[in-house]
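*Asks:* Input start14.cif, format and content: mmCIF, N, CA and C atoms.
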data_protein
loop_
_atom_site.label_atom_id
_atom_site.label_comp_id
_atom_site.auth_asym_id
_atom_site.auth_seq_id
_atom_site.Cartn_x
_atom_site.Cartn_y
_atom_site.Cartn_z
N MET A 9 149.25 113.49 157.72
CA MET A 9 148.01 114.05 157.29
C MET A 9 147.03 112.93 157.04
N SER A 10 145.93 112.94 157.71
CA SER A 10 144.94 111.87 157.53
C SER A 10 143.87 112.34 156.56
N THR A 11 143.35 111.38 155.86
CA THR A 11 142.28 111.70 154.91
C THR A 11 141.01 111.03 155.36
N SER A 12 139.93 111.57 154.94
CA SER A 12 138.63 111.01 155.30
C SER A 12 138.37 109.76 154.48
N PRO A 13 137.65 108.79 155.04
CA PRO A 13 137.33 107.60 154.27
C PRO A 13 136.45 107.93 153.07
N VAL A 14 135.73 109.02 153.14
CA VAL A 14 134.92 109.44 152.01
C VAL A 14 135.74 110.45 151.24
N SER A 15 136.30 110.03 150.11
CA SER A 15 137.21 110.91 149.40
C SER A 15 136.58 111.61 148.21
N ALA A 16 135.50 111.06 147.68
CA ALA A 16 134.86 111.68 146.52
C ALA A 16 133.36 111.64 146.70
N PRO A 17 132.68 112.62 146.17
CA PRO A 17 131.22 112.62 146.33
C PRO A 17 130.57 111.51 145.51
N SER A 18 129.59 110.92 146.10
CA SER A 18 128.83 109.89 145.40
C SER A 18 127.79 110.56 144.51
N ALA A 19 127.39 109.88 143.48
CA ALA A 19 126.39 110.45 142.57
C ALA A 19 125.04 110.56 143.24
N SER A 20 124.86 109.84 144.36
CA SER A 20 123.55 109.84 145.00
C SER A 20 123.43 110.88 146.12
N ILE A 21 124.51 111.57 146.50
CA ILE A 21 124.41 112.58 147.55
C ILE A 21 124.71 113.96 146.98
N SER A 22 124.14 114.95 147.62
CA SER A 22 124.34 116.32 147.14
C SER A 22 125.67 116.88 147.64
N LYS A 23 126.00 118.04 147.16
CA LYS A 23 127.25 118.70 147.57
C LYS A 23 127.24 118.97 149.07
N SER A 24 126.13 119.47 149.58
CA SER A 24 126.07 119.81 151.00
C SER A 24 126.17 118.55 151.87
N ASP A 25 125.56 117.43 151.44
CA ASP A 25 125.69 116.19 152.20
C ASP A 25 127.13 115.70 152.20
N TYR A 26 127.77 115.81 151.06
CA TYR A 26 129.16 115.39 150.95
C TYR A 26 130.04 116.23 151.88
N LEU A 27 129.86 117.54 151.84
CA LEU A 27 130.66 118.43 152.68
C LEU A 27 130.39 118.17 154.16
N ALA A 28 129.17 117.87 154.53
CA ALA A 28 128.84 117.60 155.92
C ALA A 28 129.52 116.33 156.42
N SER A 29 129.82 115.41 155.52
CA SER A 29 130.45 114.15 155.93
C SER A 29 131.96 114.30 156.16
N LEU A 30 132.54 115.42 155.76
CA LEU A 30 133.98 115.62 155.88
C LEU A 30 134.34 116.26 157.22
N PRO A 31 135.59 116.04 157.69
CA PRO A 31 136.04 116.78 158.88
C PRO A 31 136.10 118.29 158.57
N ARG A 32 136.12 119.09 159.60
CA ARG A 32 136.04 120.54 159.43
C ARG A 32 137.14 121.08 158.51
N TRP A 33 138.39 120.72 158.73
CA TRP A 33 139.49 121.24 157.92
C TRP A 33 139.34 120.81 156.47
N ARG A 34 138.86 119.57 156.26
CA ARG A 34 138.69 119.06 154.90
C ARG A 34 137.49 119.74 154.22
N ARG A 35 136.48 120.03 155.02
CA ARG A 35 135.32 120.74 154.51
C ARG A 35 135.72 122.11 154.00
N TRP A 36 136.53 122.82 154.80
CA TRP A 36 136.99 124.15 154.39
C TRP A 36 137.82 124.05 153.11
N LEU A 37 138.71 123.07 153.06
CA LEU A 37 139.55 122.88 151.88
C LEU A 37 138.68 122.52 150.66
N SER A 38 137.67 121.70 150.85
CA SER A 38 136.80 121.31 149.74
C SER A 38 136.01 122.49 149.21
N THR A 39 135.63 123.40 150.08
CA THR A 39 134.90 124.57 149.59
C THR A 39 135.79 125.43 148.71
N LEU A 40 137.07 125.45 149.02
CA LEU A 40 137.99 126.22 148.20
C LEU A 40 138.27 125.53 146.86
N ASN A 41 138.31 124.21 146.88
CA ASN A 41 138.69 123.45 145.69
C ASN A 41 137.49 122.79 144.98
N TRP A 42 136.30 123.12 145.37
CA TRP A 42 135.14 122.44 144.80
C TRP A 42 135.05 122.67 143.30
N ARG A 43 134.86 121.61 142.57
CA ARG A 43 134.76 121.69 141.13
C ARG A 43 133.30 121.44 140.72
N PRO A 44 132.70 122.40 140.08
CA PRO A 44 131.30 122.20 139.66
C PRO A 44 131.15 121.15 138.56
N VAL A 45 132.27 120.66 138.04
CA VAL A 45 132.22 119.67 136.97
C VAL A 45 131.47 118.43 137.43
N VAL A 46 131.65 118.06 138.68
CA VAL A 46 130.98 116.87 139.21
C VAL A 46 129.47 117.05 139.13
N GLU A 47 128.99 118.21 139.56
CA GLU A 47 127.55 118.46 139.51
C GLU A 47 127.05 118.47 138.06
N TYR A 48 127.83 119.05 137.17
CA TYR A 48 127.43 119.06 135.75
C TYR A 48 127.38 117.65 135.19
N GLU A 49 128.35 116.84 135.57
CA GLU A 49 128.35 115.45 135.09
C GLU A 49 127.14 114.70 135.62
N ILE A 50 126.82 114.92 136.87
CA ILE A 50 125.63 114.28 137.44
C ILE A 50 124.38 114.73 136.70
N ARG A 51 124.30 116.03 136.41
CA ARG A 51 123.14 116.54 135.65
C ARG A 51 123.09 115.93 134.25
N GLU A 52 124.25 115.77 133.62
CA GLU A 52 124.28 115.14 132.29
C GLU A 52 123.81 113.70 132.35
N ILE A 53 124.23 112.99 133.36
CA ILE A 53 123.80 111.59 133.52
C ILE A 53 122.30 111.52 133.75
N GLU A 54 121.79 112.40 134.61
CA GLU A 54 120.34 112.42 134.85
C GLU A 54 119.59 112.77 133.56
N PHE A 55 120.13 113.74 132.81
CA PHE A 55 119.50 114.10 131.54
C PHE A 55 119.48 112.91 130.59
N GLU A 56 120.61 112.19 130.51
CA GLU A 56 120.67 111.01 129.65
C GLU A 56 119.65 109.96 130.08
N HIS A 57 119.49 109.77 131.39
CA HIS A 57 118.50 108.81 131.88
C HIS A 57 117.08 109.22 131.47
N ARG A 58 116.78 110.51 131.61
CA ARG A 58 115.45 110.99 131.20
C ARG A 58 115.26 110.84 129.70
N LYS A 59 116.33 111.13 128.94
CA LYS A 59 116.27 111.00 127.49
C LYS A 59 116.02 109.54 127.08
N ILE A 60 116.72 108.63 127.73
CA ILE A 60 116.54 107.20 127.43
C ILE A 60 115.13 106.76 127.79
N ALA A 61 114.62 107.21 128.93
CA ALA A 61 113.26 106.86 129.34
C ALA A 61 112.25 107.38 128.32
N HIS A 62 112.47 108.60 127.84
CA HIS A 62 111.56 109.17 126.83
C HIS A 62 111.62 108.37 125.53
N GLU A 63 112.83 108.01 125.11
CA GLU A 63 112.98 107.22 123.88
C GLU A 63 112.34 105.85 124.03
N LYS A 64 112.46 105.25 125.22
CA LYS A 64 111.81 103.96 125.45
C LYS A 64 110.29 104.10 125.33
N GLU A 65 109.76 105.19 125.86
CA GLU A 65 108.32 105.43 125.77
C GLU A 65 107.90 105.60 124.31
N LEU A 66 108.69 106.36 123.55
CA LEU A 66 108.37 106.53 122.14
C LEU A 66 108.44 105.20 121.39
N LEU A 67 109.45 104.40 121.69
CA LEU A 67 109.57 103.09 121.05
C LEU A 67 108.41 102.18 121.42
N GLN A 68 107.97 102.26 122.66
CA GLN A 68 106.84 101.44 123.10
C GLN A 68 105.57 101.86 122.34
N ARG A 69 105.35 103.16 122.20
CA ARG A 69 104.19 103.64 121.45
C ARG A 69 104.26 103.18 119.99
N GLU A 70 105.43 103.30 119.39
CA GLU A 70 105.60 102.88 117.99
C GLU A 70 105.38 101.38 117.86
N ASP A 71 105.86 100.62 118.83
CA ASP A 71 105.66 99.17 118.81
C ASP A 71 104.17 98.84 118.88
N GLU A 72 103.44 99.53 119.75
CA GLU A 72 102.00 99.30 119.86
C GLU A 72 101.30 99.66 118.55
N ARG A 73 101.71 100.77 117.94
CA ARG A 73 101.11 101.17 116.67
C ARG A 73 101.38 100.13 115.59
N LEU A 74 102.61 99.63 115.54
CA LEU A 74 102.95 98.63 114.53
C LEU A 74 102.21 97.31 114.78
N GLN A 75 101.99 96.97 116.03
CA GLN A 75 101.21 95.77 116.33
C GLN A 75 99.78 95.90 115.84
N LYS A 76 99.19 97.10 116.00
CA LYS A 76 97.84 97.33 115.50
C LYS A 76 97.79 97.22 113.98
N VAL A 77 98.78 97.82 113.32
CA VAL A 77 98.85 97.75 111.86
C VAL A 77 99.01 96.30 111.41
N ASN A 78 99.83 95.54 112.12
CA ASN A 78 100.04 94.14 111.79
C ASN A 78 98.73 93.35 111.93
N GLU A 79 97.97 93.63 112.98
CA GLU A 79 96.67 92.96 113.17
C GLU A 79 95.72 93.31 112.02
N GLN A 80 95.70 94.58 111.63
CA GLN A 80 94.84 95.00 110.52
C GLN A 80 95.24 94.29 109.24
N LEU A 81 96.54 94.18 109.00
CA LEU A 81 97.00 93.50 107.79
C LEU A 81 96.64 92.02 107.82
N LYS A 82 96.73 91.39 108.97
CA LYS A 82 96.34 89.99 109.10
C LYS A 82 94.85 89.83 108.79
N ASN A 83 94.03 90.73 109.33
CA ASN A 83 92.59 90.67 109.07
C ASN A 83 92.30 90.86 107.58
N GLU A 84 92.97 91.83 106.97
CA GLU A 84 92.77 92.06 105.54
C GLU A 84 93.23 90.85 104.73
N ASN A 85 94.30 90.22 105.14
CA ASN A 85 94.80 89.04 104.45
C ASN A 85 93.79 87.90 104.54
N GLU A 86 93.19 87.73 105.71
CA GLU A 86 92.17 86.69 105.87
C GLU A 86 90.96 86.98 104.98
N LEU A 87 90.56 88.24 104.92
CA LEU A 87 89.43 88.61 104.06
C LEU A 87 89.76 88.34 102.59
N LEU A 88 90.98 88.67 102.18
CA LEU A 88 91.39 88.43 100.80
C LEU A 88 91.43 86.94 100.49
N LYS A 89 91.85 86.12 101.44
CA LYS A 89 91.86 84.68 101.23
C LYS A 89 90.43 84.16 101.05
N LYS A 90 89.52 84.65 101.89
CA LYS A 90 88.12 84.23 101.78
C LYS A 90 87.54 84.66 100.42
N GLU A 91 87.86 85.87 100.00
CA GLU A 91 87.36 86.36 98.71
C GLU A 91 87.96 85.54 97.57
N ASP A 92 89.23 85.17 97.68
CA ASP A 92 89.87 84.34 96.67
C ASP A 92 89.20 82.98 96.59
N GLU A 93 88.89 82.39 97.74
CA GLU A 93 88.19 81.10 97.75
C GLU A 93 86.82 81.22 97.10
N ARG A 94 86.11 82.31 97.41
CA ARG A 94 84.78 82.53 96.82
C ARG A 94 84.89 82.66 95.30
N LEU A 95 85.89 83.40 94.83
CA LEU A 95 86.08 83.56 93.39
C LEU A 95 86.48 82.26 92.72
N GLN A 96 87.26 81.44 93.39
CA GLN A 96 87.63 80.13 92.84
C GLN A 96 86.38 79.25 92.68
N LYS A 97 85.50 79.29 93.67
CA LYS A 97 84.25 78.51 93.57
C LYS A 97 83.39 79.01 92.41
N LEU A 98 83.35 80.32 92.24
CA LEU A 98 82.59 80.88 91.13
C LEU A 98 83.20 80.48 89.79
N ASP A 99 84.54 80.47 89.73
CA ASP A 99 85.21 80.01 88.50
C ASP A 99 84.87 78.56 88.20
N GLU A 100 84.88 77.73 89.24
CA GLU A 100 84.54 76.32 89.05
C GLU A 100 83.09 76.19 88.55
N ARG A 101 82.19 76.96 89.15
CA ARG A 101 80.78 76.92 88.74
C ARG A 101 80.65 77.39 87.29
N LEU A 102 81.40 78.43 86.92
CA LEU A 102 81.37 78.93 85.56
C LEU A 102 81.90 77.87 84.58
N ASP A 103 82.94 77.17 84.96
CA ASP A 103 83.46 76.08 84.11
C ASP A 103 82.42 74.98 83.94
N GLU A 104 81.69 74.67 85.02
CA GLU A 104 80.63 73.66 84.92
C GLU A 104 79.54 74.12 83.95
N LEU A 105 79.15 75.37 84.07
CA LEU A 105 78.11 75.90 83.18
C LEU A 105 78.59 75.93 81.73
N ASP A 106 79.85 76.29 81.51
CA ASP A 106 80.42 76.26 80.16
C ASP A 106 80.39 74.85 79.58
N ALA A 107 80.69 73.87 80.43
CA ALA A 107 80.66 72.47 79.97
C ALA A 107 79.24 72.05 79.61
N LYS A 108 78.26 72.48 80.39
CA LYS A 108 76.86 72.14 80.10
C LYS A 108 76.41 72.80 78.79
N ILE A 109 76.81 74.05 78.61
CA ILE A 109 76.45 74.75 77.37
C ILE A 109 77.09 74.05 76.18
N ALA A 110 78.32 73.67 76.31
CA ALA A 110 79.01 72.97 75.23
C ALA A 110 78.35 71.63 74.93
N ALA A 111 77.83 70.98 75.98
CA ALA A 111 77.16 69.70 75.77
C ALA A 111 75.81 69.90 75.08
N LEU A 112 75.11 70.99 75.38
CA LEU A 112 73.80 71.25 74.77
C LEU A 112 73.93 71.67 73.32
N TRP A 113 74.93 72.47 73.01
CA TRP A 113 75.14 72.92 71.63
C TRP A 113 76.40 72.27 71.09
N PRO A 114 76.23 71.45 70.11
CA PRO A 114 77.43 70.80 69.55
C PRO A 114 78.36 71.83 68.92
N SER A 115 79.58 71.47 68.82
CA SER A 115 80.58 72.41 68.31
C SER A 115 80.37 72.72 66.84
N SER A 116 79.72 71.81 66.07
CA SER A 116 79.49 72.10 64.65
C SER A 116 78.51 73.25 64.48
N THR A 117 77.54 73.37 65.35
CA THR A 117 76.59 74.48 65.28
C THR A 117 77.30 75.78 65.61
N SER A 118 78.14 75.75 66.60
CA SER A 118 78.84 76.98 66.97
C SER A 118 79.82 77.38 65.88
N ASN A 119 80.39 76.39 65.16
CA ASN A 119 81.30 76.71 64.06
C ASN A 119 80.54 77.31 62.89
N SER A 120 79.33 76.81 62.63
CA SER A 120 78.58 77.35 61.50
C SER A 120 78.18 78.79 61.76
N ILE A 121 77.91 79.13 62.99
CA ILE A 121 77.58 80.52 63.33
C ILE A 121 78.82 81.38 63.13
N GLN A 122 79.95 80.85 63.50
CA GLN A 122 81.19 81.62 63.37
C GLN A 122 81.61 81.76 61.91
N ASP A 123 81.22 80.77 61.05
CA ASP A 123 81.62 80.81 59.64
C ASP A 123 80.80 81.80 58.83
N ARG A 124 79.69 82.24 59.33
CA ARG A 124 78.85 83.20 58.59
C ARG A 124 79.58 84.50 58.41
N PRO A 125 79.45 85.07 57.23
CA PRO A 125 80.08 86.39 57.03
C PRO A 125 79.30 87.44 57.80
N PRO A 126 79.99 88.44 58.27
CA PRO A 126 79.29 89.50 59.00
C PRO A 126 78.37 90.28 58.07
N ALA A 127 77.26 90.71 58.64
CA ALA A 127 76.29 91.46 57.82
C ALA A 127 76.92 92.79 57.46
N SER A 128 76.79 93.14 56.15
CA SER A 128 77.38 94.40 55.71
C SER A 128 76.30 95.46 55.66
N ASP A 129 76.64 96.67 55.89
CA ASP A 129 75.71 97.78 55.90
C ASP A 129 75.44 98.29 54.51
N SER A 130 76.22 97.91 53.49
CA SER A 130 76.08 98.41 52.14
C SER A 130 74.89 97.76 51.41
N GLN A 131 74.33 96.66 51.89
CA GLN A 131 73.24 95.96 51.22
C GLN A 131 71.89 96.61 51.47
N THR A 132 71.78 97.57 52.24
CA THR A 132 70.48 98.18 52.50
C THR A 132 70.02 99.14 51.46
#
What would the structure in this file look like if it were written as structure tokens?
*Replies:*
Amino acid sequence: MSTSPVSAPSASISKSDYLASLPRWRRWLSTLNWRPVVEYEIREIEFEHRKIAHEKELLQREDERLQKVNEQLKNENELLKKEDERLQKLDERLDELDAKIAALWPSSTSNSIQDRPPASDSQT
């Protein structure tokens, strides 16, 4: 009994192509013994491929969205750094002005103002 060199269907050919490649007696025997499991498995594999492609697309979209969010955060971080630098300069300027005020008014004058008792409302 000789067998055909093509013994099993390839995932890339259909059932009818596979049967056409067999000798007549083997074709008849294959029609009797054909198992639809092969076709179901091929469909499952194709479904898995489509599912993976869809998931890759979703991941790519999510990656793009996260890249945009990352860019926005970088921009906000740069703005916050600039604002921090501006506030530091203002603090330095305020310290300079405090030093000038302290130089203009001696500390003894400021102490005498602080030593005064608060005005009471009962003296009126």
*Asks:* Residues within 8 Å of A:Glu47, please, as an mmCIF file with N, CA and C atoms, keeping the file's coordinate frame. Count only N, CA and C atoms; anything in the same chain fewer than 5 positions from it doesn't count.
*Replies:*
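Result went into around-v7.cif, see below:
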data_model
loop_
_atom_site.group_PDB
_atom_site.id
_atom_site.type_symbol
_atom_site.label_atom_id
_atom_site.label_comp_id
_atom_site.auth_asym_id
_atom_site.auth_seq_id
_atom_site.Cartn_x
_atom_site.Cartn_y
_atom_site.Cartn_z
ATOM 1 N N LYS A 23 126.000 118.040 147.160
ATOM 2 C CA LYS A 23 127.250 118.700 147.570
ATOM 3 C C LYS A 23 127.240 118.970 149.070
ATOM 4 N N GLU A 52 124.250 115.770 133.620
ATOM 5 C CA GLU A 52 124.280 115.140 132.290
ATOM 6 C C GLU A 52 123.810 113.700 132.350
ATOM 7 N N ILE A 53 124.230 112.990 133.360
ATOM 8 C CA ILE A 53 123.800 111.590 133.520
ATOM 9 C C ILE A 53 122.300 111.520 133.750
#
*Asks:* Rounded to one decimal, what separation in Å do you get between atom C of A:Pro31 and atom C of A:Val46?
*Replies:* 20.6 Å
*Asks:* Find, counting only C-alpha atoms, the residue in A:Glu93, A:Glu72, A:Asn78, A:Leu27 that gets nearest to A:Leu40.
*Replies:*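 The shortest atom-to-atom distance to A:Leu40 comes from A:Leu27.
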*Asks:* By how many Å are atom N of A:Asp25 and atom CA of A:Tyr48 apart?
*Replies:*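 Computed distance, atom N of A:Asp25 to atom CA of A:Tyr48, equals 15.9 Å.
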*Asks:* In Å, rounded to a single decimal, give me how far atom C of A:Lys82 is from atom N of A:Arg94.
*Replies:*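 Separation of atom N of A:Arg94 and atom C of A:Lys82: 16.2 Å.
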